[in-house]
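Visitor: Attaching a single structure in structure tokens format; questions to follow.
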Amino acid sequence: MDAIICIHAAAGVAALAAGGVAIAMRKGGSAHAAAGRAFCVSMLVLGVTASILSPLKSPPESPVGGLVVCYFVATAWRTARWRAGTPGWFEKIACAVGLSMGIAILGAGIVLANAAVPPSAPPGPGALLMLGSICLLAGLLDLRFVWRGALSPTQRISRHLWRMSFAFFIATGSFFLGQQDVMPQAVRGSAVLIVLAVAPIVLMLF
């Protein structure tokens, strides 16, 4: 397990670095593409190792969060690589996965929100409801893509951008807000960490 933790931490650092480079570089260029590939690989490793480690925590956590990361990164990468703009077997499977995860996470959030005893560990019902809603939205957009059978160039870029940015936001939020115990004492709980955590969403909107 120590080896998996080390791999998870290394993948997280690599994802933060590669994601920052990918955002800063000119889109469509070779540097952006190389950084994007490094980001995708790092995030997939991060998601898989998170799914392995989460149930082993005390108290145990759900492995779904790591699977959500893998889903968003994989569909974003596929959108950039699959220039035909038509759905294939990958998109149909991704649609089923996105809808299933969205419904499952929303259901868990509703159960927690109505529980007599509040949960003792994160995520809370609010976080689950938000994450489930975003996953369900992504799954419905997948369904629309499969149903219509095509994406315009603008839709393809938008699909790639928002899914990559959301995956990056999960990484920055998990690190800068969820791992404050490893931060210098001077910045713990400060606005600096909040800005760094939400930076991918702000840059996506820009």
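Residue numbering restarts at 1 for every chain of the structure tokens, chains are lettered A, B, ... in their displayed order, and ligands are numbered from 1 as they appear.
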Got a sec to tell me which of region 2-206 of chain A DSSP assigns to alpha helix (DSSP H), as a ChimeraX atom specification?

Guide: /A:2-24,30-53,64-81,89-113,125-148,153-176,191-205

Visitor: List the spatial neighbours of Glu91 (chain A) as a VMD selection string - criterion: any atom at most 10 Å away, only C-alpha atoms, same-chain residues fewer than 6 positions off excluded.

Guide: chain A and resid 75 78 to 79 97 142 to 143 145 to 146

Visitor: For the residues selected in the previous step, produce a file with N, CA and C atoms as a PDB file, in the first residue's frame.

Guide:
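Saved file out-v4.pdb follows:
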ATOM      1  N   THR A  75     -13.081  10.799 -21.491  1.00  0.00           N
ATOM      2  CA  THR A  75     -13.989  11.341 -22.501  1.00  0.00           C
ATOM      3  C   THR A  75     -13.439  12.638 -23.101  1.00  0.00           C
ATOM      4  N   ARG A  78     -10.616  11.537 -25.521  1.00  0.00           N
ATOM      5  CA  ARG A  78     -11.203  10.910 -26.700  1.00  0.00           C
ATOM      6  C   ARG A  78     -11.794  11.974 -27.636  1.00  0.00           C
ATOM      7  N   THR A  79     -12.421  12.993 -27.069  1.00  0.00           N
ATOM      8  CA  THR A  79     -13.010  14.053 -27.876  1.00  0.00           C
ATOM      9  C   THR A  79     -11.954  14.778 -28.702  1.00  0.00           C
ATOM     10  N   VAL A  97     -21.822   4.851 -18.474  1.00  0.00           N
ATOM     11  CA  VAL A  97     -21.048   5.045 -17.240  1.00  0.00           C
ATOM     12  C   VAL A  97     -21.396   6.383 -16.600  1.00  0.00           C
ATOM     13  N   ASP A 142     -23.578  13.201 -23.148  1.00  0.00           N
ATOM     14  CA  ASP A 142     -23.141  12.026 -23.901  1.00  0.00           C
ATOM     15  C   ASP A 142     -24.321  11.407 -24.654  1.00  0.00           C
ATOM     16  N   LEU A 143     -25.453  11.315 -23.965  1.00  0.00           N
ATOM     17  CA  LEU A 143     -26.640  10.724 -24.574  1.00  0.00           C
ATOM     18  C   LEU A 143     -27.106  11.551 -25.769  1.00  0.00           C
ATOM     19  N   PHE A 145     -25.202  13.414 -27.629  1.00  0.00           N
ATOM     20  CA  PHE A 145     -24.206  13.179 -28.671  1.00  0.00           C
ATOM     21  C   PHE A 145     -24.476  11.868 -29.403  1.00  0.00           C
ATOM     22  N   VAL A 146     -24.727  10.815 -28.642  1.00  0.00           N
ATOM     23  CA  VAL A 146     -25.007   9.512 -29.251  1.00  0.00           C
ATOM     24  C   VAL A 146     -26.299   9.565 -30.066  1.00  0.00           C
TER      25      VAL A 146
END

Visitor: For Ala171 (chain A), find every residue with an atom within 12 Å (counting only C-alpha atoms), except residues of its own chain fewer than 5 positions away, and show them as a PyMOL selection string.

Guide: chain A and resi 8-9+11-20+39-40+42-44+46-47+50+65-66+68-70+72-73+164-166+176-179+196-201

Visitor: Please produce an output containing N, CA, C and O atoms for each residue in the selection, written as a short mmCIF file (atom, residue, chain, number, x, y, z; two decimals), in the first residue's frame.

Guide:
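What follows is the written file again05.cif:
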data_model
loop_
_atom_site.label_atom_id
_atom_site.label_comp_id
_atom_site.auth_asym_id
_atom_site.auth_seq_id
_atom_site.Cartn_x
_atom_site.Cartn_y
_atom_site.Cartn_z
N HIS A 8 0.36 7.38 -6.18
CA HIS A 8 -0.75 8.34 -6.16
C HIS A 8 -0.23 9.77 -5.97
O HIS A 8 -0.65 10.69 -6.69
N ALA A 9 0.68 9.94 -5.04
CA ALA A 9 1.23 11.28 -4.77
C ALA A 9 2.03 11.79 -5.97
O ALA A 9 1.91 12.96 -6.36
N ALA A 11 1.69 10.91 -9.10
CA ALA A 11 0.76 11.21 -10.19
C ALA A 11 0.06 12.54 -9.96
O ALA A 11 -0.18 13.31 -10.90
N GLY A 12 -0.27 12.85 -8.69
CA GLY A 12 -0.90 14.12 -8.38
C GLY A 12 -0.01 15.31 -8.69
O GLY A 12 -0.45 16.29 -9.28
N VAL A 13 1.25 15.21 -8.30
CA VAL A 13 2.20 16.30 -8.58
C VAL A 13 2.38 16.46 -10.08
O VAL A 13 2.38 17.58 -10.61
N ALA A 14 2.52 15.33 -10.80
CA ALA A 14 2.69 15.39 -12.25
C ALA A 14 1.45 15.98 -12.93
O ALA A 14 1.57 16.77 -13.89
N ALA A 15 0.26 15.64 -12.43
CA ALA A 15 -0.97 16.17 -13.02
C ALA A 15 -1.08 17.67 -12.82
O ALA A 15 -1.48 18.41 -13.74
N LEU A 16 -0.74 18.16 -11.63
CA LEU A 16 -0.78 19.60 -11.38
C LEU A 16 0.18 20.34 -12.30
O LEU A 16 -0.16 21.39 -12.87
N ALA A 17 1.39 19.80 -12.45
CA ALA A 17 2.39 20.46 -13.30
C ALA A 17 1.98 20.42 -14.77
O ALA A 17 2.00 21.44 -15.47
N ALA A 18 1.58 19.24 -15.25
CA ALA A 18 1.21 19.10 -16.66
C ALA A 18 -0.05 19.90 -16.99
O ALA A 18 -0.16 20.51 -18.06
N GLY A 19 -1.01 19.92 -16.05
CA GLY A 19 -2.22 20.68 -16.28
C GLY A 19 -1.95 22.17 -16.38
O GLY A 19 -2.52 22.86 -17.22
N GLY A 20 -1.05 22.67 -15.52
CA GLY A 20 -0.68 24.08 -15.58
C GLY A 20 -0.03 24.44 -16.90
O GLY A 20 -0.31 25.48 -17.50
N PHE A 39 -0.83 15.06 -18.79
CA PHE A 39 -1.90 15.33 -17.83
C PHE A 39 -2.89 14.16 -17.81
O PHE A 39 -3.30 13.71 -16.73
N CYS A 40 -3.28 13.67 -18.98
CA CYS A 40 -4.25 12.58 -19.05
C CYS A 40 -3.71 11.33 -18.37
O CYS A 40 -4.42 10.69 -17.58
N SER A 42 -1.34 11.08 -16.11
CA SER A 42 -1.20 11.32 -14.68
C SER A 42 -2.55 11.27 -13.97
O SER A 42 -2.69 10.67 -12.89
N MET A 43 -3.58 11.86 -14.58
CA MET A 43 -4.90 11.89 -13.96
C MET A 43 -5.54 10.50 -13.95
O MET A 43 -6.25 10.14 -13.00
N LEU A 44 -5.30 9.70 -14.97
CA LEU A 44 -5.83 8.35 -14.98
C LEU A 44 -5.19 7.51 -13.88
O LEU A 44 -5.87 6.75 -13.17
N LEU A 46 -3.90 8.78 -11.18
CA LEU A 46 -4.41 9.38 -9.95
C LEU A 46 -5.80 8.83 -9.62
O LEU A 46 -6.08 8.48 -8.47
N GLY A 47 -6.66 8.74 -10.63
CA GLY A 47 -8.01 8.25 -10.40
C GLY A 47 -8.04 6.79 -10.00
O GLY A 47 -8.77 6.40 -9.07
N ALA A 50 -6.63 6.40 -6.48
CA ALA A 50 -7.59 6.93 -5.51
C ALA A 50 -8.71 5.94 -5.26
O ALA A 50 -9.17 5.76 -4.11
N GLY A 65 -15.20 8.56 -6.52
CA GLY A 65 -14.52 9.81 -6.87
C GLY A 65 -13.40 9.60 -7.87
O GLY A 65 -13.26 10.35 -8.84
N GLY A 66 -12.60 8.56 -7.65
CA GLY A 66 -11.52 8.25 -8.58
C GLY A 66 -12.05 7.84 -9.94
O GLY A 66 -11.47 8.20 -10.98
N VAL A 68 -14.84 8.87 -11.25
CA VAL A 68 -15.34 10.09 -11.89
C VAL A 68 -14.21 10.81 -12.61
O VAL A 68 -14.36 11.29 -13.74
N VAL A 69 -13.05 10.90 -11.96
CA VAL A 69 -11.89 11.53 -12.58
C VAL A 69 -11.52 10.82 -13.87
O VAL A 69 -11.29 11.45 -14.91
N CYS A 70 -11.46 9.49 -13.82
CA CYS A 70 -11.12 8.71 -15.02
C CYS A 70 -12.13 8.94 -16.13
O CYS A 70 -11.76 9.05 -17.31
N PHE A 72 -14.10 11.62 -16.73
CA PHE A 72 -13.99 12.94 -17.35
C PHE A 72 -12.73 13.07 -18.18
O PHE A 72 -12.75 13.63 -19.28
N VAL A 73 -11.61 12.55 -17.68
CA VAL A 73 -10.36 12.64 -18.44
C VAL A 73 -10.43 11.81 -19.71
O VAL A 73 -10.03 12.27 -20.79
N MET A 164 -11.93 18.45 -19.35
CA MET A 164 -10.56 18.52 -18.86
C MET A 164 -10.46 19.49 -17.69
O MET A 164 -9.79 19.21 -16.69
N SER A 165 -11.12 20.63 -17.82
CA SER A 165 -11.04 21.65 -16.76
C SER A 165 -11.68 21.14 -15.47
O SER A 165 -11.16 21.40 -14.37
N PHE A 166 -12.79 20.43 -15.58
CA PHE A 166 -13.43 19.91 -14.37
C PHE A 166 -12.56 18.86 -13.70
O PHE A 166 -12.44 18.83 -12.47
N PHE A 176 -5.13 21.44 -2.89
CA PHE A 176 -4.99 22.72 -2.19
C PHE A 176 -5.98 22.89 -1.03
O PHE A 176 -5.69 23.61 -0.07
N LEU A 177 -7.14 22.25 -1.11
CA LEU A 177 -8.12 22.35 -0.03
C LEU A 177 -8.18 21.08 0.82
O LEU A 177 -8.42 21.16 2.02
N GLY A 178 -7.96 19.93 0.20
CA GLY A 178 -8.08 18.68 0.93
C GLY A 178 -6.82 18.20 1.60
O GLY A 178 -6.85 17.28 2.42
N GLN A 179 -5.68 18.80 1.26
CA GLN A 179 -4.40 18.38 1.83
C GLN A 179 -3.68 19.55 2.52
O GLN A 179 -2.47 19.70 2.41
N LEU A 196 -6.11 29.06 -5.85
CA LEU A 196 -5.42 28.01 -6.60
C LEU A 196 -6.35 26.84 -6.90
O LEU A 196 -6.27 26.22 -7.96
N ALA A 197 -7.24 26.54 -5.96
CA ALA A 197 -8.16 25.41 -6.14
C ALA A 197 -9.16 25.66 -7.26
O ALA A 197 -9.45 24.77 -8.06
N VAL A 198 -9.71 26.88 -7.33
CA VAL A 198 -10.75 27.18 -8.32
C VAL A 198 -10.18 27.74 -9.61
O VAL A 198 -10.96 28.03 -10.56
N ALA A 199 -8.86 27.91 -9.70
CA ALA A 199 -8.25 28.49 -10.89
C ALA A 199 -8.64 27.77 -12.19
O ALA A 199 -8.91 28.43 -13.20
N PRO A 200 -8.70 26.43 -12.23
CA PRO A 200 -9.09 25.77 -13.49
C PRO A 200 -10.48 26.18 -13.98
O PRO A 200 -10.69 26.31 -15.19
N ILE A 201 -11.42 26.38 -13.07
CA ILE A 201 -12.77 26.78 -13.47
C ILE A 201 -12.76 28.20 -14.01
O ILE A 201 -13.38 28.51 -15.04
#

Visitor: Just to confirm, what's the straight-line distance from CA of Ser54 (chain A) to CA of Ile4 (chain A) in Å (one decimal)?

Guide: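 So the answer is 11.5 Å.
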
Visitor: A:Cys6, A:Pro123, A:Leu203, A:Met1: which is nearest Pro60 (chain A), counting only C-alpha atoms?

Guide: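 With only C-alpha atoms as the atom set, the closest residue is A:Pro123.
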
Visitor: Mind pulling up the distance from CA of Ser152 (chain A) to CA of Arg83 (chain A)?

Guide: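 Between CA of Arg83 (chain A) and CA of Ser152 (chain A) the gap is 10.1 Å.
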
Visitor: Looking at A:Leu129, A:Ile93, A:Val64, A:Ala84, which one is nearest to Leu106 (chain A), with distances taken over only C-alpha atoms?

Guide: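 Counting only C-alpha atoms, the residue closest to Leu106 (chain A) is A:Leu129.
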
Visitor: I'd like the neighbourhood of Ala127 (chain A) as a PyMOL selection string, where a residue qualifies if any of its atoms comes within 10 Å (using only C-alpha atoms), though same-chain residues fewer than 5 positions away should be ignored.

Guide: chain A and resi 105-106+109+122+132-133

Visitor: Leaving out Ser190 (chain A) and any residue of its chain fewer than 4 positions from it, which residues lie within 10 Å of it when counting only C-alpha atoms, given as a list in words?

Guide: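 The residues satisfying every condition are Leu177, Gln180, Gln185, Ala186, Ile194 and Val195 of chain A.
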
Visitor: Please produce an output containing C-alpha atoms for each residue in the selection, written as a tab-separated table (two decimals), in the first residue's frame.

Guide:
chain	number	residue	atom	x	y	z
A	177	LEU	CA	-8.12	22.35	-0.03
A	180	GLN	CA	-3.83	21.54	3.84
A	185	GLN	CA	1.30	26.93	8.36
A	186	ALA	CA	1.14	30.49	7.00
A	194	ILE	CA	-8.97	28.78	-2.51
A	195	VAL	CA	-7.80	30.78	-5.54
